[in-house]
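These notes concern the structure reproduced below.
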Amino acid sequence: MIGILGGTFDPIHYGHLRPAQDAARQLGLTELRLVPAATPPHRRRPVAHAAQRLRMVELAVAEFPGLAVDDREIRRGGLSYTVPTLESVRAEIGTTPLCLLLGTDAFRDIESWHRWSRLPELAHLVVLGRPGFPAPDAADLPVWARKRLVAGPGELRTRSAGGLLFLEVEPHDVSATRIRAAIARGETPPAEWLPASVLDYIRRNGIYRSEAA
Ligand code: ATP
């Protein structure tokens, strides 16, 4: 079973990496691919360039066996909708089970994504707990989501797509916004927030120094 975690990664941080690694272990993934967006459709323009965000993800995953980088959205360019990304991965992997990982904050808005109803046809949806964004109660889920709920990772391995799983992962309360704001204030973000290699790259390239926090 393969996993995909998309994001702006502006910059990548341990709030992506630790929950991703924990989820990969719990799900028994053979590989978890981090997919940096070229232009994210639902948010303001990233501060770092696509090539810089890609490089930071490459540096970060070097410390995390089992995590890999997939640059297809950056190669494709333009608005990075998830459905065409999953379609192109699916074309490569055939019927291998595929999980789309996303945080509880992202799941809350999923019905606003481009062609969102196609997502569960292409992958399982695995929603990772994120501090400050509680998972919804099953009773509050829309019908499409409720009928896709599975009891655990084992069920996801039995088919290629279509399940929905809420997964409790090692919580790590950090966001890219907080990191950018700290750097813009001239502070050094704590070592628990992001890998030293990524922070060093940010420094050497003078990224985020002027972002209005
Ligand atoms: P920003 O602060 O710029 O909004 P972000 O830290 O939320 O960025 P993204 O690149 O937008 O990072 O996130 C990519 C994916 O990772 C999303 O699905 C998001 O829900 C998830 N994610 C980000 N931070 C965490 C975290 N601390 N815990 C769990 N999931 C997270």
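Identifiers in the structure tokens: chain A, B, ... in order shown; residue index from 1 per chain; ligand index from 1 in order shown.
Considering only C-alpha atoms and all ligand atoms, every residue of the polymer chains approaching ligand 1 to 7 Å or closer is listed here: Leu5, Gly6, Gly7, Thr8, Phe9, Asp10, Ile12, Gly15, His16, Pro19, Leu101, Leu102, Gly103, Thr104, Asp105, Ala106, Leu128, Gly129, Arg130, Pro131, Pro171, His172, Asp173, Val174, Ser175, Ala176, Thr177 and Arg178 of chain A.
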Can you tell me, as a ChimeraX atom specification, which residues in chain A count as strand (DSSP E) by DSSP? /A:2-7,31-36,67-69,98-103,124-128,164-167
DSSP on the backbone: which residues in range 17-205 of chain A end up as alpha helix (DSSP H)? Give the answer as an NGL selection string. :A and (17-27 or 50-61 or 72-76 or 82-93 or 104-108 or 119-122 or 143-146 or 153-156 or 176-184 or 196-205)
If you keep C-alpha atoms, can you produce a file of those selected residues as a PDB file, in the first residue's frame?
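Result file is result16.pdb:
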```pdb
ATOM      1  CA  LEU A  17       7.137  14.574   8.987  1.00  0.00           C
ATOM      2  CA  ARG A  18       6.420  12.946  12.376  1.00  0.00           C
ATOM      3  CA  PRO A  19       2.684  12.330  11.832  1.00  0.00           C
ATOM      4  CA  ALA A  20       3.502  11.119   8.287  1.00  0.00           C
ATOM      5  CA  GLN A  21       6.084   8.668   9.575  1.00  0.00           C
ATOM      6  CA  ASP A  22       3.753   7.463  12.319  1.00  0.00           C
ATOM      7  CA  ALA A  23       0.891   7.029   9.827  1.00  0.00           C
ATOM      8  CA  ALA A  24       3.165   5.116   7.417  1.00  0.00           C
ATOM      9  CA  ARG A  25       4.054   2.723  10.246  1.00  0.00           C
ATOM     10  CA  GLN A  26       0.453   2.246  11.443  1.00  0.00           C
ATOM     11  CA  LEU A  27      -0.857   1.743   7.908  1.00  0.00           C
ATOM     12  CA  ALA A  50       8.459  25.834  -5.968  1.00  0.00           C
ATOM     13  CA  ALA A  51      12.074  24.740  -6.529  1.00  0.00           C
ATOM     14  CA  GLN A  52      13.005  25.869  -3.007  1.00  0.00           C
ATOM     15  CA  ARG A  53      10.047  24.084  -1.413  1.00  0.00           C
ATOM     16  CA  LEU A  54      10.922  20.942  -3.360  1.00  0.00           C
ATOM     17  CA  ARG A  55      14.558  21.136  -2.218  1.00  0.00           C
ATOM     18  CA  MET A  56      13.483  21.542   1.425  1.00  0.00           C
ATOM     19  CA  VAL A  57      11.303  18.435   1.179  1.00  0.00           C
ATOM     20  CA  GLU A  58      14.249  16.528  -0.351  1.00  0.00           C
ATOM     21  CA  LEU A  59      16.511  17.599   2.521  1.00  0.00           C
ATOM     22  CA  ALA A  60      13.890  16.664   5.124  1.00  0.00           C
ATOM     23  CA  VAL A  61      13.057  13.187   3.820  1.00  0.00           C
ATOM     24  CA  ARG A  72       4.866  15.622 -10.318  1.00  0.00           C
ATOM     25  CA  GLU A  73       2.771  18.659  -9.299  1.00  0.00           C
ATOM     26  CA  ILE A  74       5.741  20.977  -9.658  1.00  0.00           C
ATOM     27  CA  ARG A  75       6.632  19.448 -13.025  1.00  0.00           C
ATOM     28  CA  ARG A  76       3.014  19.829 -14.136  1.00  0.00           C
ATOM     29  CA  THR A  82      -5.280  16.614  -6.203  1.00  0.00           C
ATOM     30  CA  VAL A  83      -7.557  14.613  -8.531  1.00  0.00           C
ATOM     31  CA  PRO A  84      -5.208  14.760 -11.584  1.00  0.00           C
ATOM     32  CA  THR A  85      -2.294  13.943  -9.267  1.00  0.00           C
ATOM     33  CA  LEU A  86      -4.037  10.827  -7.978  1.00  0.00           C
ATOM     34  CA  GLU A  87      -5.081   9.902 -11.525  1.00  0.00           C
ATOM     35  CA  SER A  88      -1.484   9.994 -12.719  1.00  0.00           C
ATOM     36  CA  VAL A  89      -0.250   7.984  -9.707  1.00  0.00           C
ATOM     37  CA  ARG A  90      -3.068   5.491 -10.220  1.00  0.00           C
ATOM     38  CA  ALA A  91      -2.084   5.080 -13.891  1.00  0.00           C
ATOM     39  CA  GLU A  92       1.389   4.027 -12.712  1.00  0.00           C
ATOM     40  CA  ILE A  93       0.490   1.693  -9.845  1.00  0.00           C
ATOM     41  CA  THR A 104      -8.152  17.162  10.021  1.00  0.00           C
ATOM     42  CA  ASP A 105      -7.989  20.853   8.968  1.00  0.00           C
ATOM     43  CA  ALA A 106      -7.712  19.920   5.292  1.00  0.00           C
ATOM     44  CA  PHE A 107     -10.447  17.267   5.549  1.00  0.00           C
ATOM     45  CA  ARG A 108     -12.876  19.865   6.915  1.00  0.00           C
ATOM     46  CA  LEU A 119     -11.080  11.472  -4.654  1.00  0.00           C
ATOM     47  CA  PRO A 120     -12.446   8.328  -2.917  1.00  0.00           C
ATOM     48  CA  GLU A 121     -12.690   6.562  -6.290  1.00  0.00           C
ATOM     49  CA  LEU A 122      -8.944   7.009  -6.683  1.00  0.00           C
ATOM     50  CA  VAL A 143     -23.482  10.489   4.210  1.00  0.00           C
ATOM     51  CA  TRP A 144     -20.826   9.901   1.512  1.00  0.00           C
ATOM     52  CA  ALA A 145     -18.135   9.917   4.215  1.00  0.00           C
ATOM     53  CA  ARG A 146     -20.019   7.905   6.838  1.00  0.00           C
ATOM     54  CA  PRO A 153      -5.844  -0.090   8.393  1.00  0.00           C
ATOM     55  CA  GLY A 154      -6.296  -3.794   7.633  1.00  0.00           C
ATOM     56  CA  GLU A 155      -9.501  -3.081   5.721  1.00  0.00           C
ATOM     57  CA  LEU A 156      -7.733  -0.544   3.504  1.00  0.00           C
ATOM     58  CA  ALA A 176       4.488  26.558   8.513  1.00  0.00           C
ATOM     59  CA  THR A 177       2.815  29.904   9.270  1.00  0.00           C
ATOM     60  CA  ARG A 178       4.379  29.961  12.747  1.00  0.00           C
ATOM     61  CA  ILE A 179       7.800  29.094  11.362  1.00  0.00           C
ATOM     62  CA  ARG A 180       7.643  31.834   8.690  1.00  0.00           C
ATOM     63  CA  ALA A 181       6.503  34.383  11.276  1.00  0.00           C
ATOM     64  CA  ALA A 182       9.339  33.487  13.667  1.00  0.00           C
ATOM     65  CA  ILE A 183      11.963  33.851  10.920  1.00  0.00           C
ATOM     66  CA  ALA A 184      10.445  37.144   9.745  1.00  0.00           C
ATOM     67  CA  ALA A 196      18.309  21.547  10.948  1.00  0.00           C
ATOM     68  CA  SER A 197      19.089  20.877   7.271  1.00  0.00           C
ATOM     69  CA  VAL A 198      15.900  22.707   6.235  1.00  0.00           C
ATOM     70  CA  LEU A 199      16.530  25.637   8.570  1.00  0.00           C
ATOM     71  CA  ASP A 200      20.067  25.898   7.248  1.00  0.00           C
ATOM     72  CA  TYR A 201      18.757  25.995   3.642  1.00  0.00           C
ATOM     73  CA  ILE A 202      16.253  28.732   4.605  1.00  0.00           C
ATOM     74  CA  ARG A 203      19.058  30.794   6.149  1.00  0.00           C
ATOM     75  CA  ARG A 204      21.487  30.372   3.278  1.00  0.00           C
ATOM     76  CA  ASN A 205      18.846  31.425   0.765  1.00  0.00           C
TER      77      ASN A 205
END
```
Considering only C-alpha atoms, can you say which of A:Arg185, A:Arg118, A:Arg159, A:His49 comes closest to Pro11 in chain A? A:His49
Any idea what's packed within 6 Å of Val126 in chain A, counting only C-alpha atoms, ignoring anything in its chain fewer than 6 positions away? Could you give it as a ChimeraX atom specification? /A:100-101,164-166
Written file, previous selection with N, CA and C atoms, as a tab-separated table (two decimals), in the first residue's frame:
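To be explicit, this is the file written out as selection_11.tsv:
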```
chain	number	residue	atom	x	y	z
A	100	LEU	N	-4.61	8.58	0.41
A	100	LEU	CA	-4.35	10.02	0.42
A	100	LEU	C	-4.40	10.46	1.88
A	101	LEU	N	-3.27	10.92	2.40
A	101	LEU	CA	-3.21	11.37	3.79
A	101	LEU	C	-3.48	12.87	3.82
A	164	LEU	N	-12.42	5.32	4.26
A	164	LEU	CA	-12.13	6.56	5.02
A	164	LEU	C	-11.75	6.14	6.43
A	165	LEU	N	-10.56	6.59	6.85
A	165	LEU	CA	-10.06	6.22	8.18
A	165	LEU	C	-9.55	7.46	8.89
A	166	PHE	N	-9.99	7.65	10.13
A	166	PHE	CA	-9.42	8.70	10.99
A	166	PHE	C	-8.35	8.04	11.83
```
Proximity to Pro195 in chain A - best of A:Arg43, A:Ala62, A:Pro97, A:Pro36, only C-alpha atoms: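 Comparing A:Arg43, A:Ala62, A:Pro97, A:Pro36 against Pro195 in chain A, the winner is A:Ala62.
With only C-alpha atoms as the atoms that count, the residue of A:Met1, A:Val69, A:Ser80, A:Thr158 with the shortest distance to Ala37 in chain A is A:Ser80.
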